[in-house]
$ cat entry05.pdb   # PDB, N, CA and C atoms
ATOM      1  N   MET F   1     -16.901  15.254 -36.244
ATOM      2  CA  MET F   1     -16.811  15.103 -34.820
ATOM      3  C   MET F   1     -15.443  14.484 -34.492
ATOM      4  N   PRO F   2     -14.606  15.146 -33.663
ATOM      5  CA  PRO F   2     -13.280  14.615 -33.354
ATOM      6  C   PRO F   2     -13.361  13.395 -32.433
ATOM      7  N   LEU F   3     -12.395  12.527 -32.602
ATOM      8  CA  LEU F   3     -12.320  11.335 -31.760
ATOM      9  C   LEU F   3     -11.776  11.705 -30.385
ATOM     10  N   ASN F   4     -12.323  11.112 -29.368
ATOM     11  CA  ASN F   4     -11.807  11.304 -28.019
ATOM     12  C   ASN F   4     -10.828  10.167 -27.751
ATOM     13  N   LEU F   5      -9.524  10.452 -27.911
ATOM     14  CA  LEU F   5      -8.516   9.412 -27.805
ATOM     15  C   LEU F   5      -8.346   8.903 -26.383
ATOM     16  N   ASN F   6      -8.729   9.680 -25.384
ATOM     17  CA  ASN F   6      -8.617   9.227 -24.007
ATOM     18  C   ASN F   6      -9.499   8.016 -23.745
ATOM     19  N   LYS F   7     -10.671   7.978 -24.355
ATOM     20  CA  LYS F   7     -11.576   6.848 -24.167
ATOM     21  C   LYS F   7     -11.058   5.601 -24.879
ATOM     22  N   MET F   8     -10.222   5.782 -25.893
ATOM     23  CA  MET F   8      -9.722   4.666 -26.675
ATOM     24  C   MET F   8      -8.407   4.117 -26.128
ATOM     25  N   LYS F   9      -7.878   4.720 -25.073
ATOM     26  CA  LYS F   9      -6.592   4.291 -24.536
ATOM     27  C   LYS F   9      -6.703   2.871 -23.986
ATOM     28  N   PRO F  10      -5.841   1.963 -24.457
ATOM     29  CA  PRO F  10      -5.915   0.588 -23.951
ATOM     30  C   PRO F  10      -5.446   0.515 -22.495
ATOM     31  N   LYS F  11      -6.026  -0.389 -21.751
ATOM     32  CA  LYS F  11      -5.688  -0.578 -20.341
ATOM     33  C   LYS F  11      -4.767  -1.784 -20.210
ATOM     34  N   LEU F  12      -3.952  -1.761 -19.171
ATOM     35  CA  LEU F  12      -3.098  -2.902 -18.888
ATOM     36  C   LEU F  12      -3.875  -3.944 -18.093
ATOM     37  N   ASN F  13      -3.694  -5.205 -18.440
ATOM     38  CA  ASN F  13      -4.318  -6.245 -17.633
ATOM     39  C   ASN F  13      -3.403  -6.551 -16.441
ATOM     40  N   GLU F  14      -3.848  -7.415 -15.542
ATOM     41  CA  GLU F  14      -3.097  -7.689 -14.311
ATOM     42  C   GLU F  14      -1.747  -8.341 -14.592
ATOM     43  N   PHE F  15      -1.679  -9.216 -15.583
ATOM     44  CA  PHE F  15      -0.396  -9.833 -15.927
ATOM     45  C   PHE F  15       0.591  -8.786 -16.406
ATOM     46  N   GLU F  16       0.144  -7.884 -17.262
ATOM     47  CA  GLU F  16       1.023  -6.838 -17.776
ATOM     48  C   GLU F  16       1.504  -5.931 -16.648
ATOM     49  N   LYS F  17       0.618  -5.593 -15.718
ATOM     50  CA  LYS F  17       1.008  -4.783 -14.562
ATOM     51  C   LYS F  17       2.053  -5.511 -13.717
ATOM     52  N   HIS F  18       1.807  -6.806 -13.484
ATOM     53  CA  HIS F  18       2.739  -7.620 -12.701
ATOM     54  C   HIS F  18       4.100  -7.683 -13.400
ATOM     55  N   PHE F  19       4.098  -7.864 -14.694
ATOM     56  CA  PHE F  19       5.310  -7.938 -15.493
ATOM     57  C   PHE F  19       6.110  -6.637 -15.383
ATOM     58  N   ILE F  20       5.445  -5.520 -15.548
ATOM     59  CA  ILE F  20       6.104  -4.216 -15.466
ATOM     60  C   ILE F  20       6.639  -3.972 -14.061
ATOM     61  N   LYS F  21       5.854  -4.313 -13.049
ATOM     62  CA  LYS F  21       6.286  -4.111 -11.661
ATOM     63  C   LYS F  21       7.536  -4.926 -11.365
ATOM     64  N   ASN F  22       7.569  -6.190 -11.813
ATOM     65  CA  ASN F  22       8.751  -7.021 -11.596
ATOM     66  C   ASN F  22       9.972  -6.466 -12.322
ATOM     67  N   ALA F  23       9.771  -5.995 -13.535
ATOM     68  CA  ALA F  23      10.882  -5.427 -14.298
ATOM     69  C   ALA F  23      11.435  -4.175 -13.605
ATOM     70  N   VAL F  24      10.556  -3.328 -13.131
ATOM     71  CA  VAL F  24      10.991  -2.111 -12.445
ATOM     72  C   VAL F  24      11.683  -2.466 -11.127
ATOM     73  N   ASP F  25      11.145  -3.438 -10.406
ATOM     74  CA  ASP F  25      11.763  -3.867  -9.144
ATOM     75  C   ASP F  25      13.163  -4.440  -9.380
ATOM     76  N   LEU F  26      13.318  -5.252 -10.426
ATOM     77  CA  LEU F  26      14.637  -5.799 -10.758
ATOM     78  C   LEU F  26      15.618  -4.692 -11.121
ATOM     79  N   TYR F  27      15.136  -3.722 -11.865
ATOM     80  CA  TYR F  27      15.980  -2.582 -12.222
ATOM     81  C   TYR F  27      16.411  -1.827 -10.973
ATOM     82  N   MET F  28      15.480  -1.652 -10.027
ATOM     83  CA  MET F  28      15.798  -0.962  -8.774
ATOM     84  C   MET F  28      16.899  -1.703  -8.018
ATOM     85  N   GLU F  29      16.793  -3.020  -7.927
ATOM     86  CA  GLU F  29      17.821  -3.810  -7.252
ATOM     87  C   GLU F  29      19.176  -3.611  -7.920
ATOM     88  N   GLN F  30      19.188  -3.669  -9.249
ATOM     89  CA  GLN F  30      20.434  -3.530  -9.996
ATOM     90  C   GLN F  30      21.037  -2.140  -9.817
ATOM     91  N   ILE F  31      20.230  -1.124  -9.897
ATOM     92  CA  ILE F  31      20.750   0.236  -9.783
ATOM     93  C   ILE F  31      21.266   0.502  -8.376
ATOM     94  N   ASN F  32      20.615  -0.092  -7.371
ATOM     95  CA  ASN F  32      21.099   0.069  -6.002
ATOM     96  C   ASN F  32      22.458  -0.603  -5.817
ATOM     97  N   LYS F  33      22.653  -1.774  -6.431
ATOM     98  CA  LYS F  33      23.958  -2.444  -6.391
ATOM     99  C   LYS F  33      25.022  -1.575  -7.048
ATOM    100  N   GLU F  34      24.676  -0.998  -8.196
ATOM    101  CA  GLU F  34      25.630  -0.151  -8.909
ATOM    102  C   GLU F  34      25.974   1.095  -8.104
ATOM    103  N   LEU F  35      24.985   1.693  -7.460
ATOM    104  CA  LEU F  35      25.246   2.867  -6.629
ATOM    105  C   LEU F  35      26.160   2.507  -5.456
ATOM    106  N   ASP F  36      25.923   1.355  -4.831
ATOM    107  CA  ASP F  36      26.770   0.901  -3.729
ATOM    108  C   ASP F  36      28.202   0.660  -4.199
ATOM    109  N   GLU F  37      28.352   0.039  -5.367
ATOM    110  CA  GLU F  37      29.688  -0.199  -5.929
ATOM    111  C   GLU F  37      30.412   1.118  -6.171
ATOM    112  N   MET F  38      29.702   2.072  -6.722
ATOM    113  CA  MET F  38      30.316   3.375  -6.991
ATOM    114  C   MET F  38      30.773   4.036  -5.694
ATOM    115  N   LYS F  39      29.932   3.969  -4.681
ATOM    116  CA  LYS F  39      30.291   4.567  -3.395
ATOM    117  C   LYS F  39      31.494   3.859  -2.786
ATOM    118  N   ASN F  40      31.548   2.533  -2.899
ATOM    119  CA  ASN F  40      32.679   1.764  -2.371
ATOM    120  C   ASN F  40      33.978   2.070  -3.102
ATOM    121  N   GLN F  41      33.883   2.476  -4.352
ATOM    122  CA  GLN F  41      35.065   2.838  -5.136
ATOM    123  C   GLN F  41      35.470   4.290  -4.896
ATOM    124  N   GLY F  42      34.725   4.969  -4.030
ATOM    125  CA  GLY F  42      35.040   6.358  -3.730
ATOM    126  C   GLY F  42      34.460   7.348  -4.723
ATOM    127  N   LYS F  43      33.617   6.872  -5.614
ATOM    128  CA  LYS F  43      32.985   7.756  -6.591
ATOM    129  C   LYS F  43      31.737   8.368  -5.975
ATOM    130  N   ARG F  44      31.333   9.491  -6.527
ATOM    131  CA  ARG F  44      30.116  10.157  -6.065
ATOM    132  C   ARG F  44      29.087  10.138  -7.187
ATOM    133  N   PRO F  45      28.126   9.228  -7.101
ATOM    134  CA  PRO F  45      27.119   9.130  -8.171
ATOM    135  C   PRO F  45      26.270  10.397  -8.270
ATOM    136  N   ILE F  46      25.799  10.658  -9.458
ATOM    137  CA  ILE F  46      24.952  11.826  -9.700
ATOM    138  C   ILE F  46      23.628  11.675  -8.963
ATOM    139  N   TYR F  47      23.071  10.463  -8.983
ATOM    140  CA  TYR F  47      21.777  10.207  -8.359
ATOM    141  C   TYR F  47      21.974   9.645  -6.954
ATOM    142  N   THR F  48      21.057   9.965  -6.084
ATOM    143  CA  THR F  48      21.090   9.407  -4.734
ATOM    144  C   THR F  48      20.232   8.152  -4.684
ATOM    145  N   ALA F  49      20.361   7.401  -3.605
ATOM    146  CA  ALA F  49      19.582   6.174  -3.444
ATOM    147  C   ALA F  49      18.086   6.478  -3.326
ATOM    148  N   GLU F  50      17.725   7.688  -2.944
ATOM    149  CA  GLU F  50      16.318   8.058  -2.789
ATOM    150  C   GLU F  50      15.657   8.436  -4.116
ATOM    151  N   PHE F  51      16.458   8.721  -5.132
ATOM    152  CA  PHE F  51      15.911   9.177  -6.408
ATOM    153  C   PHE F  51      15.108   8.083  -7.112
ATOM    154  N   PHE F  52      15.673   6.893  -7.223
ATOM    155  CA  PHE F  52      15.043   5.838  -8.009
ATOM    156  C   PHE F  52      13.752   5.301  -7.400
ATOM    157  N   PRO F  53      13.673   5.140  -6.068
ATOM    158  CA  PRO F  53      12.368   4.729  -5.521
ATOM    159  C   PRO F  53      11.265   5.748  -5.816
ATOM    160  N   ALA F  54      11.621   7.019  -5.823
ATOM    161  CA  ALA F  54      10.625   8.046  -6.141
ATOM    162  C   ALA F  54      10.169   7.931  -7.595
ATOM    163  N   VAL F  55      11.107   7.668  -8.490
ATOM    164  CA  VAL F  55      10.768   7.500  -9.908
ATOM    165  C   VAL F  55       9.882   6.273 -10.096
ATOM    166  N   CYS F  56      10.240   5.190  -9.435
ATOM    167  CA  CYS F  56       9.441   3.953  -9.549
ATOM    168  C   CYS F  56       8.040   4.158  -8.993
ATOM    169  N   LYS F  57       7.952   4.845  -7.878
ATOM    170  CA  LYS F  57       6.642   5.120  -7.283
ATOM    171  C   LYS F  57       5.779   5.926  -8.258
ATOM    172  N   ASP F  58       6.402   6.872  -8.945
ATOM    173  CA  ASP F  58       5.680   7.681  -9.925
ATOM    174  C   ASP F  58       5.223   6.825 -11.107
ATOM    175  N   ILE F  59       6.068   5.897 -11.552
ATOM    176  CA  ILE F  59       5.687   4.993 -12.640
ATOM    177  C   ILE F  59       4.487   4.149 -12.228
ATOM    178  N   TYR F  60       4.556   3.594 -11.015
ATOM    179  CA  TYR F  60       3.452   2.774 -10.526
ATOM    180  C   TYR F  60       2.158   3.586 -10.448
ATOM    181  N   ARG F  61       2.271   4.831  -9.995
ATOM    182  CA  ARG F  61       1.096   5.683  -9.882
ATOM    183  C   ARG F  61       0.492   5.956 -11.254
ATOM    184  N   LYS F  62       1.341   6.288 -12.222
ATOM    185  CA  LYS F  62       0.860   6.603 -13.567
ATOM    186  C   LYS F  62       0.193   5.406 -14.233
ATOM    187  N   LEU F  63       0.685   4.208 -13.926
ATOM    188  CA  LEU F  63       0.140   2.997 -14.542
ATOM    189  C   LEU F  63      -0.881   2.293 -13.662
ATOM    190  N   SER F  64      -1.213   2.901 -12.536
ATOM    191  CA  SER F  64      -2.171   2.329 -11.568
ATOM    192  C   SER F  64      -1.724   0.943 -11.117
ATOM    193  N   ILE F  65      -0.448   0.828 -10.758
ATOM    194  CA  ILE F  65       0.115  -0.421 -10.270
ATOM    195  C   ILE F  65       0.340  -0.269  -8.774
ATOM    196  N   LYS F  66      -0.102  -1.277  -8.007
ATOM    197  CA  LYS F  66       0.059  -1.223  -6.545
ATOM    198  C   LYS F  66       1.267  -2.012  -6.120
TER     199      LYS F  66
END
$ encode --input "entry05.pdb" --output "structure tokens"
Amino acid sequence: MPLNLNKMKPKLNEFEKHFIKNAVDLYMEQINKELDEMKNQGKRPIYTAEFFPAVCKDIYRKLSIK
């Protein structure tokens, strides 16, 4: 009988969710600063300011983080 690995998947506790959310939020702040710096230097970044919030929202959704 094969193992159902989906049932064995460990869940994140609230502290771990909070930790990940803070890390992602800090990264978002940093990347936004870098994008602003690039724009101020006349450079055209590959990613837009709207890209990273969408990625973060997807991460939160996948990990069931509010």
$ resolve_selection --input "entry05.pdb" --expression "the PyMOL selection byres ((chain F and resi 44-58) around 8)" --output "list in words"
Val24, Asp25, Met28, Ile31, Asn32, Leu35, Met38, Lys39, Asn40, Gln41, Gly42, Lys43, Ile59, Tyr60, Arg61, Lys62, Leu63 and Ser64 of chain F
$ axis_aligned_box --input "entry05.pdb" --around "stretch 56-65 of chain F" --padding-each-side "8 Å" --output "JSON"
{"center_x": 4.0, "center_y": 3.6, "center_z": -10.9, "size_x": 28.4, "size_y": 24.1, "size_z": 23.3}
$ atom_distance --input "entry05.pdb" --atom1 "atom CA of F:Pro10" --atom2 "atom N of F:Ile65"
14.3 Å
$ select_by_dssp --input "entry05.pdb" --residues "chain F" --states "alpha helix (DSSP H)" --output "VMD selection string"
chain F and resid 14 to 40 51 to 62
$ decode --input "entry05.pdb" --residues "stretch 48-66 of chain F" --atoms "N, CA and C atoms" --output "PDB file, in the first residue's frame"
ATOM      1  N   THR F  48       8.907  45.312 -12.392  1.00  0.00           N
ATOM      2  CA  THR F  48       8.177  46.514 -11.991  1.00  0.00           C
ATOM      3  C   THR F  48       7.858  46.439 -10.505  1.00  0.00           C
ATOM      4  N   ALA F  49       7.424  47.555  -9.947  1.00  0.00           N
ATOM      5  CA  ALA F  49       7.080  47.601  -8.526  1.00  0.00           C
ATOM      6  C   ALA F  49       5.871  46.713  -8.218  1.00  0.00           C
ATOM      7  N   GLU F  50       5.057  46.405  -9.209  1.00  0.00           N
ATOM      8  CA  GLU F  50       3.869  45.576  -9.001  1.00  0.00           C
ATOM      9  C   GLU F  50       4.188  44.079  -8.989  1.00  0.00           C
ATOM     10  N   PHE F  51       5.354  43.705  -9.495  1.00  0.00           N
ATOM     11  CA  PHE F  51       5.699  42.290  -9.604  1.00  0.00           C
ATOM     12  C   PHE F  51       5.878  41.635  -8.234  1.00  0.00           C
ATOM     13  N   PHE F  52       6.652  42.259  -7.362  1.00  0.00           N
ATOM     14  CA  PHE F  52       6.997  41.634  -6.090  1.00  0.00           C
ATOM     15  C   PHE F  52       5.820  41.496  -5.129  1.00  0.00           C
ATOM     16  N   PRO F  53       4.923  42.492  -5.046  1.00  0.00           N
ATOM     17  CA  PRO F  53       3.745  42.260  -4.191  1.00  0.00           C
ATOM     18  C   PRO F  53       2.905  41.071  -4.663  1.00  0.00           C
ATOM     19  N   ALA F  54       2.838  40.876  -5.967  1.00  0.00           N
ATOM     20  CA  ALA F  54       2.087  39.731  -6.489  1.00  0.00           C
ATOM     21  C   ALA F  54       2.760  38.416  -6.098  1.00  0.00           C
ATOM     22  N   VAL F  55       4.081  38.384  -6.167  1.00  0.00           N
ATOM     23  CA  VAL F  55       4.825  37.180  -5.777  1.00  0.00           C
ATOM     24  C   VAL F  55       4.637  36.903  -4.289  1.00  0.00           C
ATOM     25  N   CYS F  56       4.726  37.947  -3.487  1.00  0.00           N
ATOM     26  CA  CYS F  56       4.553  37.779  -2.030  1.00  0.00           C
ATOM     27  C   CYS F  56       3.146  37.304  -1.701  1.00  0.00           C
ATOM     28  N   LYS F  57       2.170  37.867  -2.374  1.00  0.00           N
ATOM     29  CA  LYS F  57       0.783  37.453  -2.148  1.00  0.00           C
ATOM     30  C   LYS F  57       0.618  35.966  -2.473  1.00  0.00           C
ATOM     31  N   ASP F  58       1.272  35.524  -3.537  1.00  0.00           N
ATOM     32  CA  ASP F  58       1.208  34.115  -3.921  1.00  0.00           C
ATOM     33  C   ASP F  58       1.888  33.234  -2.871  1.00  0.00           C
ATOM     34  N   ILE F  59       3.013  33.692  -2.326  1.00  0.00           N
ATOM     35  CA  ILE F  59       3.696  32.940  -1.270  1.00  0.00           C
ATOM     36  C   ILE F  59       2.792  32.806  -0.050  1.00  0.00           C
ATOM     37  N   TYR F  60       2.177  33.924   0.343  1.00  0.00           N
ATOM     38  CA  TYR F  60       1.284  33.895   1.497  1.00  0.00           C
ATOM     39  C   TYR F  60       0.115  32.937   1.263  1.00  0.00           C
ATOM     40  N   ARG F  61      -0.422  32.951   0.046  1.00  0.00           N
ATOM     41  CA  ARG F  61      -1.540  32.076  -0.275  1.00  0.00           C
ATOM     42  C   ARG F  61      -1.125  30.612  -0.187  1.00  0.00           C
ATOM     43  N   LYS F  62       0.031  30.287  -0.758  1.00  0.00           N
ATOM     44  CA  LYS F  62       0.504  28.903  -0.759  1.00  0.00           C
ATOM     45  C   LYS F  62       0.780  28.390   0.648  1.00  0.00           C
ATOM     46  N   LEU F  63       1.227  29.284   1.527  1.00  0.00           N
ATOM     47  CA  LEU F  63       1.559  28.884   2.896  1.00  0.00           C
ATOM     48  C   LEU F  63       0.435  29.160   3.883  1.00  0.00           C
ATOM     49  N   SER F  64      -0.700  29.612   3.377  1.00  0.00           N
ATOM     50  CA  SER F  64      -1.872  29.949   4.212  1.00  0.00           C
ATOM     51  C   SER F  64      -1.504  30.983   5.270  1.00  0.00           C
ATOM     52  N   ILE F  65      -0.814  32.037   4.843  1.00  0.00           N
ATOM     53  CA  ILE F  65      -0.425  33.124   5.727  1.00  0.00           C
ATOM     54  C   ILE F  65      -1.297  34.324   5.393  1.00  0.00           C
ATOM     55  N   LYS F  66      -1.861  34.951   6.435  1.00  0.00           N
ATOM     56  CA  LYS F  66      -2.731  36.118   6.217  1.00  0.00           C
ATOM     57  C   LYS F  66      -1.962  37.393   6.429  1.00  0.00           C
TER      58      LYS F  66
END
